[in-house]
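What's in input14.cif: mmCIF, C-alpha atoms and all ligand atoms
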```
data_coords
loop_
_atom_site.group_PDB
_atom_site.id
_atom_site.type_symbol
_atom_site.label_atom_id
_atom_site.label_comp_id
_atom_site.auth_asym_id
_atom_site.auth_seq_id
_atom_site.Cartn_x
_atom_site.Cartn_y
_atom_site.Cartn_z
ATOM 1 C CA MET A 1 -40.675 -79.146 13.500
ATOM 2 C CA LYS A 2 -44.276 -80.058 14.227
ATOM 3 C CA ASP A 3 -45.035 -77.561 16.947
ATOM 4 C CA LEU A 4 -48.028 -75.255 16.907
ATOM 5 C CA SER A 5 -47.676 -73.819 20.387
ATOM 6 C CA ASN A 6 -48.584 -70.129 20.657
ATOM 7 C CA GLN A 7 -50.416 -70.398 17.324
ATOM 8 C CA LYS A 8 -54.091 -69.976 16.580
ATOM 9 C CA VAL A 9 -55.823 -72.393 14.232
ATOM 10 C CA VAL A 10 -59.375 -71.968 12.897
ATOM 11 C CA VAL A 11 -61.132 -74.887 11.205
ATOM 12 C CA ILE A 12 -64.389 -74.130 9.405
ATOM 13 C CA GLY A 13 -66.260 -77.426 9.063
ATOM 14 C CA GLY A 14 -64.355 -78.481 12.157
ATOM 15 C CA THR A 15 -66.999 -80.551 13.939
ATOM 16 C CA SER A 16 -66.779 -83.781 11.959
ATOM 17 C CA GLY A 17 -64.555 -85.934 9.779
ATOM 18 C CA ILE A 18 -61.493 -84.290 8.256
ATOM 19 C CA GLY A 19 -62.088 -80.915 9.926
ATOM 20 C CA LEU A 20 -62.534 -82.362 13.416
ATOM 21 C CA ALA A 21 -59.472 -84.617 13.025
ATOM 22 C CA THR A 22 -57.485 -81.521 11.982
ATOM 23 C CA ALA A 23 -58.748 -79.497 14.949
ATOM 24 C CA ILE A 24 -57.729 -82.291 17.337
ATOM 25 C CA ALA A 25 -54.306 -82.768 15.679
ATOM 26 C CA ALA A 26 -53.586 -79.023 15.847
ATOM 27 C CA PHE A 27 -54.648 -78.913 19.487
ATOM 28 C CA GLU A 28 -52.380 -81.855 20.285
ATOM 29 C CA LEU A 29 -49.473 -79.915 18.734
ATOM 30 C CA GLY A 30 -50.110 -77.041 21.119
ATOM 31 C CA ALA A 31 -52.348 -74.678 19.106
ATOM 32 C CA GLU A 32 -55.263 -72.683 20.412
ATOM 33 C CA VAL A 33 -58.022 -74.096 18.217
ATOM 34 C CA TYR A 34 -61.382 -72.747 17.063
ATOM 35 C CA ALA A 35 -63.612 -75.244 15.240
ATOM 36 C CA ALA A 36 -66.863 -74.130 13.651
ATOM 37 C CA SER A 37 -69.858 -75.469 11.761
ATOM 38 C CA ARG A 38 -73.550 -74.769 11.264
ATOM 39 C CA SER A 39 -75.272 -76.869 13.864
ATOM 40 C CA GLU A 40 -75.251 -77.082 17.641
ATOM 41 C CA THR A 41 -75.985 -80.789 17.282
ATOM 42 C CA SER A 42 -72.716 -81.345 15.389
ATOM 43 C CA ILE A 43 -70.913 -79.254 17.988
ATOM 44 C CA GLU A 44 -72.304 -81.331 20.858
ATOM 45 C CA LYS A 45 -71.275 -84.551 19.072
ATOM 46 C CA ALA A 46 -67.793 -83.149 18.389
ATOM 47 C CA LYS A 47 -67.346 -82.067 22.004
ATOM 48 C CA SER A 48 -67.836 -85.667 23.098
ATOM 49 C CA LYS A 49 -64.863 -86.732 20.916
ATOM 50 C CA ALA A 50 -62.500 -83.769 21.334
ATOM 51 C CA PRO A 51 -60.404 -82.209 24.102
ATOM 52 C CA GLY A 52 -62.480 -79.773 26.157
ATOM 53 C CA GLU A 53 -60.180 -76.835 25.397
ATOM 54 C CA ILE A 54 -61.103 -76.702 21.685
ATOM 55 C CA LYS A 55 -63.388 -73.704 21.184
ATOM 56 C CA PHE A 56 -66.411 -74.775 19.165
ATOM 57 C CA ARG A 57 -68.450 -72.042 17.500
ATOM 58 C CA VAL A 58 -71.477 -71.868 15.201
ATOM 59 C CA ALA A 59 -70.653 -70.555 11.713
ATOM 60 C CA ASP A 60 -71.926 -71.199 8.202
ATOM 61 C CA THR A 61 -69.714 -70.701 5.148
ATOM 62 C CA HIS A 62 -72.712 -68.977 3.524
ATOM 63 C CA ASP A 63 -73.308 -66.560 6.403
ATOM 64 C CA ILE A 64 -70.650 -63.845 6.324
ATOM 65 C CA ALA A 65 -71.577 -62.383 9.720
ATOM 66 C CA SER A 66 -71.103 -65.757 11.414
ATOM 67 C CA LEU A 67 -67.696 -66.220 9.740
ATOM 68 C CA GLU A 68 -66.599 -62.690 10.658
ATOM 69 C CA ALA A 69 -67.603 -63.306 14.280
ATOM 70 C CA VAL A 70 -65.326 -66.372 14.512
ATOM 71 C CA PHE A 71 -62.425 -64.725 12.661
ATOM 72 C CA SER A 72 -62.604 -61.552 14.766
ATOM 73 C CA GLU A 73 -62.724 -63.519 18.008
ATOM 74 C CA ALA A 74 -59.861 -65.827 17.007
ATOM 75 C CA GLY A 75 -57.638 -63.360 15.145
ATOM 76 C CA PRO A 76 -54.824 -62.821 14.481
ATOM 77 C CA ILE A 77 -55.004 -66.327 13.015
ATOM 78 C CA ASN A 78 -51.915 -68.419 12.135
ATOM 79 C CA HIS A 79 -53.640 -71.188 10.204
ATOM 80 C CA LEU A 80 -57.092 -71.303 8.656
ATOM 81 C CA VAL A 81 -58.700 -74.453 7.225
ATOM 82 C CA SER A 82 -61.888 -74.729 5.197
ATOM 83 C CA ALA A 83 -63.059 -78.332 5.417
ATOM 84 C CA ALA A 84 -66.796 -77.664 5.226
ATOM 85 C CA THR A 85 -68.990 -79.669 2.888
ATOM 86 C CA GLY A 86 -71.386 -76.769 2.435
ATOM 87 C CA ALA A 87 -73.529 -78.069 -0.429
ATOM 88 C CA ASN A 88 -75.825 -80.801 -1.691
ATOM 89 C CA ARG A 89 -74.415 -82.595 -4.682
ATOM 90 C CA THR A 90 -76.375 -84.475 -7.304
ATOM 91 C CA MET A 91 -74.599 -87.668 -8.260
ATOM 92 C CA ALA A 92 -75.965 -88.304 -11.742
ATOM 93 C CA PRO A 93 -74.767 -87.991 -15.319
ATOM 94 C CA PHE A 94 -74.381 -84.346 -16.314
ATOM 95 C CA MET A 95 -76.987 -84.667 -19.095
ATOM 96 C CA GLU A 96 -79.535 -85.939 -16.579
ATOM 97 C CA GLN A 97 -79.078 -83.050 -14.142
ATOM 98 C CA THR A 98 -80.989 -79.789 -14.214
ATOM 99 C CA ALA A 99 -78.954 -76.593 -14.293
ATOM 100 C CA GLU A 100 -80.122 -75.935 -10.729
ATOM 101 C CA GLN A 101 -78.945 -79.340 -9.483
ATOM 102 C CA PHE A 102 -75.553 -78.849 -11.078
ATOM 103 C CA ALA A 103 -75.190 -75.306 -9.744
ATOM 104 C CA GLU A 104 -76.137 -76.396 -6.209
ATOM 105 C CA ALA A 105 -72.866 -78.353 -5.886
ATOM 106 C CA PHE A 106 -70.945 -75.090 -6.334
ATOM 107 C CA ASN A 107 -72.259 -73.842 -2.992
ATOM 108 C CA LYS A 108 -69.247 -75.647 -1.511
ATOM 109 C CA PHE A 109 -66.981 -73.465 -3.668
ATOM 110 C CA TRP A 110 -68.829 -70.232 -2.869
ATOM 111 C CA GLY A 111 -68.560 -71.131 0.818
ATOM 112 C CA TYR A 112 -64.800 -71.565 0.390
ATOM 113 C CA THR A 113 -64.540 -68.190 -1.345
ATOM 114 C CA ASN A 114 -66.362 -66.622 1.616
ATOM 115 C CA VAL A 115 -63.982 -68.263 4.096
ATOM 116 C CA THR A 116 -61.064 -67.033 1.995
ATOM 117 C CA ARG A 117 -62.282 -63.476 1.409
ATOM 118 C CA HIS A 118 -63.176 -62.915 5.054
ATOM 119 C CA GLY A 119 -60.539 -65.103 6.698
ATOM 120 C CA VAL A 120 -57.330 -64.200 4.860
ATOM 121 C CA PRO A 121 -57.309 -60.595 6.176
ATOM 122 C CA HIS A 122 -57.159 -62.080 9.702
ATOM 123 C CA LEU A 123 -54.146 -64.300 8.870
ATOM 124 C CA VAL A 124 -50.729 -63.298 10.169
ATOM 125 C CA GLU A 125 -48.142 -62.482 7.464
ATOM 126 C CA ASP A 126 -46.673 -66.015 7.419
ATOM 127 C CA GLY A 127 -50.025 -67.679 8.039
ATOM 128 C CA SER A 128 -51.607 -70.439 5.959
ATOM 129 C CA LEU A 129 -54.959 -71.293 4.440
ATOM 130 C CA THR A 130 -55.833 -74.884 3.526
ATOM 131 C CA LEU A 131 -58.759 -75.838 1.311
ATOM 132 C CA VAL A 132 -60.161 -79.315 0.609
ATOM 133 C CA SER A 133 -60.895 -80.598 -2.902
ATOM 134 C CA GLY A 134 -61.201 -84.323 -3.745
ATOM 135 C CA THR A 135 -59.900 -86.948 -6.198
ATOM 136 C CA PRO A 136 -62.841 -86.483 -8.623
ATOM 137 C CA ALA A 137 -61.208 -83.154 -9.554
ATOM 138 C CA ARG A 138 -58.697 -85.151 -11.585
ATOM 139 C CA LYS A 139 -60.208 -88.649 -11.851
ATOM 140 C CA CYS A 140 -63.881 -88.490 -12.504
ATOM 141 C CA ASN A 141 -66.181 -91.498 -12.706
ATOM 142 C CA PRO A 142 -69.516 -91.195 -14.517
ATOM 143 C CA GLY A 143 -72.073 -89.378 -12.388
ATOM 144 C CA MET A 144 -69.470 -87.266 -10.594
ATOM 145 C CA SER A 145 -69.211 -84.281 -12.930
ATOM 146 C CA SER A 146 -70.368 -81.768 -10.337
ATOM 147 C CA LEU A 147 -67.865 -83.027 -7.729
ATOM 148 C CA SER A 148 -65.159 -82.936 -10.364
ATOM 149 C CA CYS A 149 -65.875 -79.375 -11.463
ATOM 150 C CA VAL A 150 -66.149 -78.091 -7.885
ATOM 151 C CA GLY A 151 -62.929 -79.861 -6.848
ATOM 152 C CA SER A 152 -61.127 -78.434 -9.875
ATOM 153 C CA ALA A 153 -62.378 -74.954 -9.001
ATOM 154 C CA VAL A 154 -61.054 -75.322 -5.437
ATOM 155 C CA GLU A 155 -57.638 -76.434 -6.722
ATOM 156 C CA ALA A 156 -57.527 -73.585 -9.267
ATOM 157 C CA LEU A 157 -58.442 -71.078 -6.566
ATOM 158 C CA GLY A 158 -55.582 -72.368 -4.427
ATOM 159 C CA ARG A 159 -53.048 -71.850 -7.229
ATOM 160 C CA ALA A 160 -54.391 -68.428 -8.204
ATOM 161 C CA LEU A 161 -54.527 -67.179 -4.632
ATOM 162 C CA ALA A 162 -50.996 -68.303 -3.820
ATOM 163 C CA LEU A 163 -49.629 -65.669 -6.182
ATOM 164 C CA GLU A 164 -51.855 -62.950 -4.808
ATOM 165 C CA ILE A 165 -51.692 -63.424 -1.040
ATOM 166 C CA ALA A 166 -47.987 -64.267 -0.595
ATOM 167 C CA PRO A 167 -46.239 -64.280 1.840
ATOM 168 C CA LYS A 168 -49.434 -65.724 3.293
ATOM 169 C CA ARG A 169 -49.717 -69.281 1.980
ATOM 170 C CA VAL A 170 -52.546 -71.360 0.535
ATOM 171 C CA ASN A 171 -52.636 -75.070 -0.279
ATOM 172 C CA VAL A 172 -55.186 -77.722 -1.121
ATOM 173 C CA VAL A 173 -55.558 -81.273 0.131
ATOM 174 C CA ALA A 174 -57.371 -83.742 -2.145
ATOM 175 C CA PRO A 175 -58.914 -86.674 -0.279
ATOM 176 C CA GLY A 176 -59.796 -89.985 -1.874
ATOM 177 C CA ILE A 177 -62.523 -91.965 -0.142
ATOM 178 C CA ILE A 178 -62.272 -91.193 3.555
ATOM 179 C CA ASP A 179 -64.388 -92.805 6.271
ATOM 180 C CA THR A 180 -66.335 -89.838 7.621
ATOM 181 C CA ALA A 181 -69.919 -88.872 8.367
ATOM 182 C CA MET A 182 -70.215 -87.910 4.689
ATOM 183 C CA PHE A 183 -70.998 -91.595 4.074
ATOM 184 C CA ASP A 184 -73.379 -92.112 7.005
ATOM 185 C CA TRP A 185 -76.282 -92.203 4.537
ATOM 186 C CA MET A 186 -75.067 -95.737 3.669
ATOM 187 C CA GLY A 187 -76.199 -96.915 7.111
ATOM 188 C CA ASP A 188 -75.461 -100.576 7.786
ATOM 189 C CA ASN A 189 -74.075 -100.985 4.251
ATOM 190 C CA LYS A 190 -71.172 -98.601 4.901
ATOM 191 C CA GLU A 191 -68.583 -101.236 5.783
ATOM 192 C CA ALA A 192 -69.505 -103.579 2.926
ATOM 193 C CA THR A 193 -69.573 -100.681 0.444
ATOM 194 C CA PHE A 194 -66.157 -99.462 1.598
ATOM 195 C CA GLU A 195 -64.820 -103.000 1.188
ATOM 196 C CA GLN A 196 -66.138 -103.094 -2.358
ATOM 197 C CA MET A 197 -64.725 -99.620 -3.134
ATOM 198 C CA SER A 198 -61.334 -100.625 -1.677
ATOM 199 C CA LYS A 199 -60.800 -103.154 -4.471
ATOM 200 C CA ASN A 200 -60.108 -100.236 -6.836
ATOM 201 C CA ILE A 201 -57.737 -98.442 -4.452
ATOM 202 C CA PRO A 202 -54.038 -99.426 -4.730
ATOM 203 C CA LEU A 203 -53.665 -99.437 -0.915
ATOM 204 C CA ARG A 204 -56.842 -101.590 -0.718
ATOM 205 C CA ARG A 205 -58.598 -99.566 1.955
ATOM 206 C CA VAL A 206 -60.416 -96.287 2.431
ATOM 207 C CA GLY A 207 -58.643 -93.501 4.285
ATOM 208 C CA LYS A 208 -58.973 -92.177 7.827
ATOM 209 C CA PRO A 209 -59.724 -88.510 8.640
ATOM 210 C CA GLU A 210 -56.515 -88.423 10.734
ATOM 211 C CA GLU A 211 -54.507 -89.126 7.556
ATOM 212 C CA LEU A 212 -55.948 -85.983 5.973
ATOM 213 C CA ALA A 213 -55.306 -84.030 9.165
ATOM 214 C CA ASN A 214 -51.670 -85.084 8.924
ATOM 215 C CA ALA A 215 -51.382 -83.541 5.444
ATOM 216 C CA ILE A 216 -53.070 -80.336 6.617
ATOM 217 C CA ILE A 217 -50.654 -80.119 9.559
ATOM 218 C CA PHE A 218 -47.838 -80.510 6.995
ATOM 219 C CA PHE A 219 -49.138 -77.391 5.216
ATOM 220 C CA MET A 220 -49.310 -75.467 8.489
ATOM 221 C CA THR A 221 -45.816 -76.407 9.598
ATOM 222 C CA THR A 222 -43.922 -76.435 6.290
ATOM 223 C CA ARG A 223 -43.433 -72.776 5.575
ATOM 224 C CA TYR A 224 -41.926 -73.154 2.101
ATOM 225 C CA VAL A 225 -45.056 -74.700 0.552
ATOM 226 C CA THR A 226 -47.717 -72.696 -1.235
ATOM 227 C CA GLY A 227 -50.020 -73.092 -4.238
ATOM 228 C CA THR A 228 -49.823 -76.879 -4.170
ATOM 229 C CA THR A 229 -52.279 -79.766 -3.935
ATOM 230 C CA VAL A 230 -51.435 -82.915 -1.994
ATOM 231 C CA ASP A 231 -53.349 -86.116 -2.756
ATOM 232 C CA VAL A 232 -54.197 -88.326 0.213
ATOM 233 C CA ASP A 233 -56.021 -91.089 -1.619
ATOM 234 C CA GLY A 234 -54.273 -94.442 -1.190
ATOM 235 C CA GLY A 235 -53.010 -94.186 -4.765
ATOM 236 C CA THR A 236 -56.435 -93.712 -6.353
ATOM 237 C CA LEU A 237 -55.115 -91.244 -8.923
ATOM 238 C CA LEU A 238 -52.606 -93.709 -10.342
ATOM 239 C CA PRO A 239 -53.430 -94.766 -13.924
HETATM 240 N N1 LIG A 301 -64.898 -88.037 3.062
HETATM 241 C C1 LIG A 301 -64.504 -88.149 1.790
HETATM 242 O O1 LIG A 301 -64.380 -89.263 1.239
HETATM 243 C C2 LIG A 301 -64.201 -86.925 0.971
HETATM 244 C C3 LIG A 301 -63.710 -87.113 -0.330
HETATM 245 C C4 LIG A 301 -63.417 -86.002 -1.108
HETATM 246 C C5 LIG A 301 -63.623 -84.737 -0.603
HETATM 247 N N2 LIG A 301 -64.113 -84.580 0.657
HETATM 248 C C6 LIG A 301 -64.308 -83.208 1.127
HETATM 249 O O2 LIG A 301 -63.728 -83.065 2.407
HETATM 250 C C7 LIG A 301 -64.408 -82.039 3.130
HETATM 251 C C8 LIG A 301 -64.725 -82.568 4.520
HETATM 252 O O3 LIG A 301 -65.615 -83.669 4.383
HETATM 253 P P1 LIG A 301 -65.783 -84.789 5.503
HETATM 254 O O4 LIG A 301 -65.686 -86.088 4.799
HETATM 255 O O5 LIG A 301 -64.908 -84.512 6.659
HETATM 256 O O6 LIG A 301 -67.323 -84.560 5.852
HETATM 257 P P2 LIG A 301 -68.117 -84.550 7.236
HETATM 258 O O7 LIG A 301 -67.571 -85.544 8.196
HETATM 259 O O8 LIG A 301 -69.558 -84.666 6.835
HETATM 260 O O9 LIG A 301 -67.841 -83.094 7.812
HETATM 261 C C9 LIG A 301 -68.304 -81.957 7.163
HETATM 262 C C10 LIG A 301 -68.200 -80.787 8.119
HETATM 263 O O10 LIG A 301 -68.600 -79.602 7.421
HETATM 264 C C11 LIG A 301 -69.565 -78.902 8.222
HETATM 265 N N3 LIG A 301 -70.346 -78.111 7.293
HETATM 266 C C12 LIG A 301 -71.138 -78.535 6.267
HETATM 267 N N4 LIG A 301 -71.666 -77.483 5.634
HETATM 268 C C13 LIG A 301 -71.195 -76.363 6.254
HETATM 269 C C14 LIG A 301 -71.374 -74.975 6.052
HETATM 270 N N5 LIG A 301 -72.164 -74.501 5.080
HETATM 271 N N6 LIG A 301 -70.735 -74.119 6.876
HETATM 272 C C15 LIG A 301 -69.930 -74.568 7.889
HETATM 273 N N7 LIG A 301 -69.724 -75.874 8.122
HETATM 274 C C16 LIG A 301 -70.351 -76.759 7.312
HETATM 275 C C17 LIG A 301 -70.306 -80.018 8.959
HETATM 276 O O11 LIG A 301 -70.987 -79.607 10.143
HETATM 277 P P3 LIG A 301 -72.477 -78.978 10.133
HETATM 278 O O12 LIG A 301 -73.362 -79.960 9.448
HETATM 279 O O13 LIG A 301 -72.797 -78.746 11.573
HETATM 280 O O14 LIG A 301 -72.394 -77.683 9.400
HETATM 281 C C18 LIG A 301 -69.124 -80.889 9.337
HETATM 282 O O15 LIG A 301 -68.430 -80.347 10.447
HETATM 283 C C19 LIG A 301 -65.638 -81.671 2.300
HETATM 284 O O16 LIG A 301 -65.363 -80.509 1.576
HETATM 285 C C20 LIG A 301 -65.774 -82.850 1.335
HETATM 286 O O17 LIG A 301 -66.376 -82.457 0.119
HETATM 287 C C21 LIG A 301 -64.394 -85.638 1.456
#
```

Show me, as structure tokens, the structure contained in the file I just sent.
Ligand SMILES: NC(=O)c1ccc[n+]([C@@H]2O[C@H](COP(=O)([O-])OP(=O)(O)OC[C@H]3O[C@@H](n4cnc5c(N)ncnc54)[C@H](OP(=O)(O)O)[C@@H]3O)[C@@H](O)[C@H]2O)c1
Amino acid sequence: MKDLSNQKVVVIGGTSGIGLATAIAAFELGAEVYAASRSETSIEKAKSKAPGEIKFRVADTHDIASLEAVFSEAGPINHLVSAATGANRTMAPFMEQTAEQFAEAFNKFWGYTNVTRHGVPHLVEDGSLTLVSGTPARKCNPGMSSLSCVGSAVEALGRALALEIAPKRVNVVAPGIIDTAMFDWMGDNKEATFEQMSKNIPLRRVGKPEELANAIIFFMTTRYVTGTTVDVDGGTLLP
């Protein structure tokens, strides 16, 4: 069932973390893979971890021309993934954020709408789009209102789109805390902080990017799934 040979997969935000793990997993299942992000530095780093045949390209979710260039080169596309971060988020109580700080977090969402608007026309009729939200969409701790609202918007877009773009499919994966470069700002404290965070996760550990990739591959290869969100969070959403 899990065979992507003769299929083209494009991963925007595909040079690190969840996106890179997805690009590698799709390649290993036989796909021709394009993986894109903003910086050459990320691309060089990714190349050192990935099979040489993955085609890395520069593209920014906020730069339509760069997205169009990747989609036109890769198309017709079988599976498109938007795993880009694409925004700075302010982690602070809503009442302590300026309107500008709060709005800035939505640049992730606007980037996803750009990927969708310009990528879906390049999808084959039974192709799939996968977007990435996050557990704060449905379980929000204090200080995470912007993440929660953006994640909810991504999940709502997935459901709304599913009705409009069928038979093309769209799904959302919602990660819990996953060990990626997103947490590199923690420096030497990363491991200890993850250990502390794990105490509140039923499976008692943070997740691996490969575990998210597995869920995204499920969306690509399971052709009767659309408009759904799958949580890959070690049970974090449990009451
Ligand atoms: N890790 C977690 O715990 C977690 C939890 C919940 C949700 N998520 C979501 O999962 C997604 C992937 O995150 P990750 O943890 O894999 O992060 P990551 O390791 O930092 O990877 C982010 C990727 O996005 C690219 N990117 C950022 N802005 C971009 C833009 N404007 N256009 C194109 N590419 C862009 C980055 O490369 P460049 O810098 O070169 O552009 C990089 O390839 C994000 O949407 C994040 O919000 C992650």

Tell me, counting only C-alpha atoms and all ligand atoms, for each residue of chain A within 7 Å of ligand LIG 301 (chain A), which pair of atoms is nearest and how far apart they are in Å to one decimal, in rows ordered by chain and increasing number, as CSV.
```
residue,atom,partner,partner_atom,distance
A:Ile12,CA,A:LIG301,N7,5.8
A:Gly13,CA,A:LIG301,O10,3.6
A:Gly14,CA,A:LIG301,O15,4.8
A:Thr15,CA,A:LIG301,O15,3.8
A:Ser16,CA,A:LIG301,O15,4.1
A:Gly17,CA,A:LIG301,O7,3.4
A:Ile18,CA,A:LIG301,O5,3.8
A:Gly19,CA,A:LIG301,O5,5.6
A:Leu20,CA,A:LIG301,O15,6.9
A:Ala36,CA,A:LIG301,N7,6.5
A:Ser37,CA,A:LIG301,N7,3.7
A:Arg38,CA,A:LIG301,O14,3.6
A:Ser39,CA,A:LIG301,O13,3.9
A:Glu40,CA,A:LIG301,O13,6.8
A:Thr41,CA,A:LIG301,O13,6.9
A:Ser42,CA,A:LIG301,O13,4.6
A:Ile43,CA,A:LIG301,O13,6.7
A:Ala59,CA,A:LIG301,C15,5.6
A:Asp60,CA,A:LIG301,N6,3.4
A:Thr61,CA,A:LIG301,N6,4.0
A:His62,CA,A:LIG301,N5,5.8
A:Ala83,CA,A:LIG301,C7,4.6
A:Ala84,CA,A:LIG301,O10,3.4
A:Thr85,CA,A:LIG301,O16,3.9
A:Gly86,CA,A:LIG301,N4,3.3
A:Ala87,CA,A:LIG301,N4,6.4
A:Lys108,CA,A:LIG301,O16,6.9
A:Gly111,CA,A:LIG301,N5,6.5
A:Val132,CA,A:LIG301,O16,5.4
A:Ser133,CA,A:LIG301,C5,5.5
A:Gly134,CA,A:LIG301,C4,3.8
A:Thr135,CA,A:LIG301,C4,6.3
A:Ala174,CA,A:LIG301,C5,6.5
A:Pro175,CA,A:LIG301,C4,4.6
A:Gly176,CA,A:LIG301,C3,5.1
A:Ile177,CA,A:LIG301,O1,3.6
A:Ile178,CA,A:LIG301,O1,3.7
A:Asp179,CA,A:LIG301,N1,5.8
A:Thr180,CA,A:LIG301,O7,4.5
A:Ala181,CA,A:LIG301,O7,4.1
A:Met182,CA,A:LIG301,O8,3.9
A:Pro209,CA,A:LIG301,O5,6.8
```

Next item on the list: Could you expand the PyMOL selection byres (((chain A and resi 145) around 12) and not hetatm) into the explicit residues it covers here, written as a VMD selection string?
Entry: chain A and resid 89 to 97 101 to 103 105 to 106 135 to 144 146 to 152

Check: the PyMOL selection byres (((chain A and resi 7-11) around 10) and not hetatm) on the file shown: which residues, as a ChimeraX atom specification?
Finding: /A:3-6,12-15,18-20,22-23,26-27,29-37,55-56,70-71,74-84,119,123-124,127-130,220

With C-alpha atoms retained, could you export that selection as an mmCIF file, in the frame of the given file?
```
data_model
loop_
_atom_site.group_PDB
_atom_site.id
_atom_site.type_symbol
_atom_site.label_atom_id
_atom_site.label_comp_id
_atom_site.auth_asym_id
_atom_site.auth_seq_id
_atom_site.Cartn_x
_atom_site.Cartn_y
_atom_site.Cartn_z
ATOM 1 C CA ASP A 3 -45.035 -77.561 16.947
ATOM 2 C CA LEU A 4 -48.028 -75.255 16.907
ATOM 3 C CA SER A 5 -47.676 -73.819 20.387
ATOM 4 C CA ASN A 6 -48.584 -70.129 20.657
ATOM 5 C CA ILE A 12 -64.389 -74.130 9.405
ATOM 6 C CA GLY A 13 -66.260 -77.426 9.063
ATOM 7 C CA GLY A 14 -64.355 -78.481 12.157
ATOM 8 C CA THR A 15 -66.999 -80.551 13.939
ATOM 9 C CA ILE A 18 -61.493 -84.290 8.256
ATOM 10 C CA GLY A 19 -62.088 -80.915 9.926
ATOM 11 C CA LEU A 20 -62.534 -82.362 13.416
ATOM 12 C CA THR A 22 -57.485 -81.521 11.982
ATOM 13 C CA ALA A 23 -58.748 -79.497 14.949
ATOM 14 C CA ALA A 26 -53.586 -79.023 15.847
ATOM 15 C CA PHE A 27 -54.648 -78.913 19.487
ATOM 16 C CA LEU A 29 -49.473 -79.915 18.734
ATOM 17 C CA GLY A 30 -50.110 -77.041 21.119
ATOM 18 C CA ALA A 31 -52.348 -74.678 19.106
ATOM 19 C CA GLU A 32 -55.263 -72.683 20.412
ATOM 20 C CA VAL A 33 -58.022 -74.096 18.217
ATOM 21 C CA TYR A 34 -61.382 -72.747 17.063
ATOM 22 C CA ALA A 35 -63.612 -75.244 15.240
ATOM 23 C CA ALA A 36 -66.863 -74.130 13.651
ATOM 24 C CA SER A 37 -69.858 -75.469 11.761
ATOM 25 C CA LYS A 55 -63.388 -73.704 21.184
ATOM 26 C CA PHE A 56 -66.411 -74.775 19.165
ATOM 27 C CA VAL A 70 -65.326 -66.372 14.512
ATOM 28 C CA PHE A 71 -62.425 -64.725 12.661
ATOM 29 C CA ALA A 74 -59.861 -65.827 17.007
ATOM 30 C CA GLY A 75 -57.638 -63.360 15.145
ATOM 31 C CA PRO A 76 -54.824 -62.821 14.481
ATOM 32 C CA ILE A 77 -55.004 -66.327 13.015
ATOM 33 C CA ASN A 78 -51.915 -68.419 12.135
ATOM 34 C CA HIS A 79 -53.640 -71.188 10.204
ATOM 35 C CA LEU A 80 -57.092 -71.303 8.656
ATOM 36 C CA VAL A 81 -58.700 -74.453 7.225
ATOM 37 C CA SER A 82 -61.888 -74.729 5.197
ATOM 38 C CA ALA A 83 -63.059 -78.332 5.417
ATOM 39 C CA ALA A 84 -66.796 -77.664 5.226
ATOM 40 C CA GLY A 119 -60.539 -65.103 6.698
ATOM 41 C CA LEU A 123 -54.146 -64.300 8.870
ATOM 42 C CA VAL A 124 -50.729 -63.298 10.169
ATOM 43 C CA GLY A 127 -50.025 -67.679 8.039
ATOM 44 C CA SER A 128 -51.607 -70.439 5.959
ATOM 45 C CA LEU A 129 -54.959 -71.293 4.440
ATOM 46 C CA THR A 130 -55.833 -74.884 3.526
ATOM 47 C CA MET A 220 -49.310 -75.467 8.489
#
```

Notebook entry, point to check: Which residue gives the smallest distance to Val154 in chain A among A:Thr228, A:Thr222, A:Ser48, A:Ser198, with only C-alpha atoms counted?
Noted result: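 Of A:Thr228, A:Thr222, A:Ser48, A:Ser198, the one nearest Val154 in chain A is A:Thr228, counting only C-alpha atoms.
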
Margin query: Can you measure CA of Glu28 in chain A to CA of Val172 in chain A for me? One decimal in Å is fine.
Written below: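 Those two atoms sit 22.0 Å apart.
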
Check: Which protein, DNA or RNA residues are at most 9 Å from (-53.8, -84.0, 7.4) in the file's coordinates when you count all atoms listed in the file, listed as a ChimeraX atom specification?
Finding: /A:18,21-22,25,173,209-219,232

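Note that CA of Gly158 in chain A and CA of Glu73 in chain A are 25.2 Å apart.
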
Item checked: Resolved residues for the PyMOL selection byres (((chain A and resi 114) around 9) and not hetatm) as a list in words ->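 For this structure, the PyMOL selection byres (((chain A and resi 114) around 9) and not hetatm) resolves to Thr61, His62, Asp63, Ile64, Leu67, Phe109, Trp110, Gly111, Tyr112, Thr113, Val115, Thr116, Arg117, His118 and Gly119 of chain A.
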
Next item on the list: Find the distance between CA of Asn200 in chain A and CA of Phe183 in chain A and write it in Å to one decimal.
Entry: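 So the two atoms, CA of Asn200 in chain A and CA of Phe183 in chain A, lie 17.7 Å apart.
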
Report the centre and edge lengths, in Å to one decimal, of an axis-aligned box enclosing every atom of range 53-64 of chain A listed in the file, padded by 6 Å on each side, as JSON.
```
{"center_x": -66.7, "center_y": -70.3, "center_z": 14.5, "size_x": 25.1, "size_y": 25.0, "size_z": 33.9}
```

Next item on the list: Between A:Ala50, A:Val225, A:Leu203, A:Val230, single out the one closest to Ala166 in chain A, counting only C-alpha atoms.
Entry: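 Result for the nearest residue to Ala166 in chain A: A:Val225.
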
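Between Glu191 in chain A and the candidates A:Lys47, A:Lys168, A:Arg205, A:Lys2, the tightest atom-to-atom separation, counting all atoms listed in the file, involves A:Arg205.
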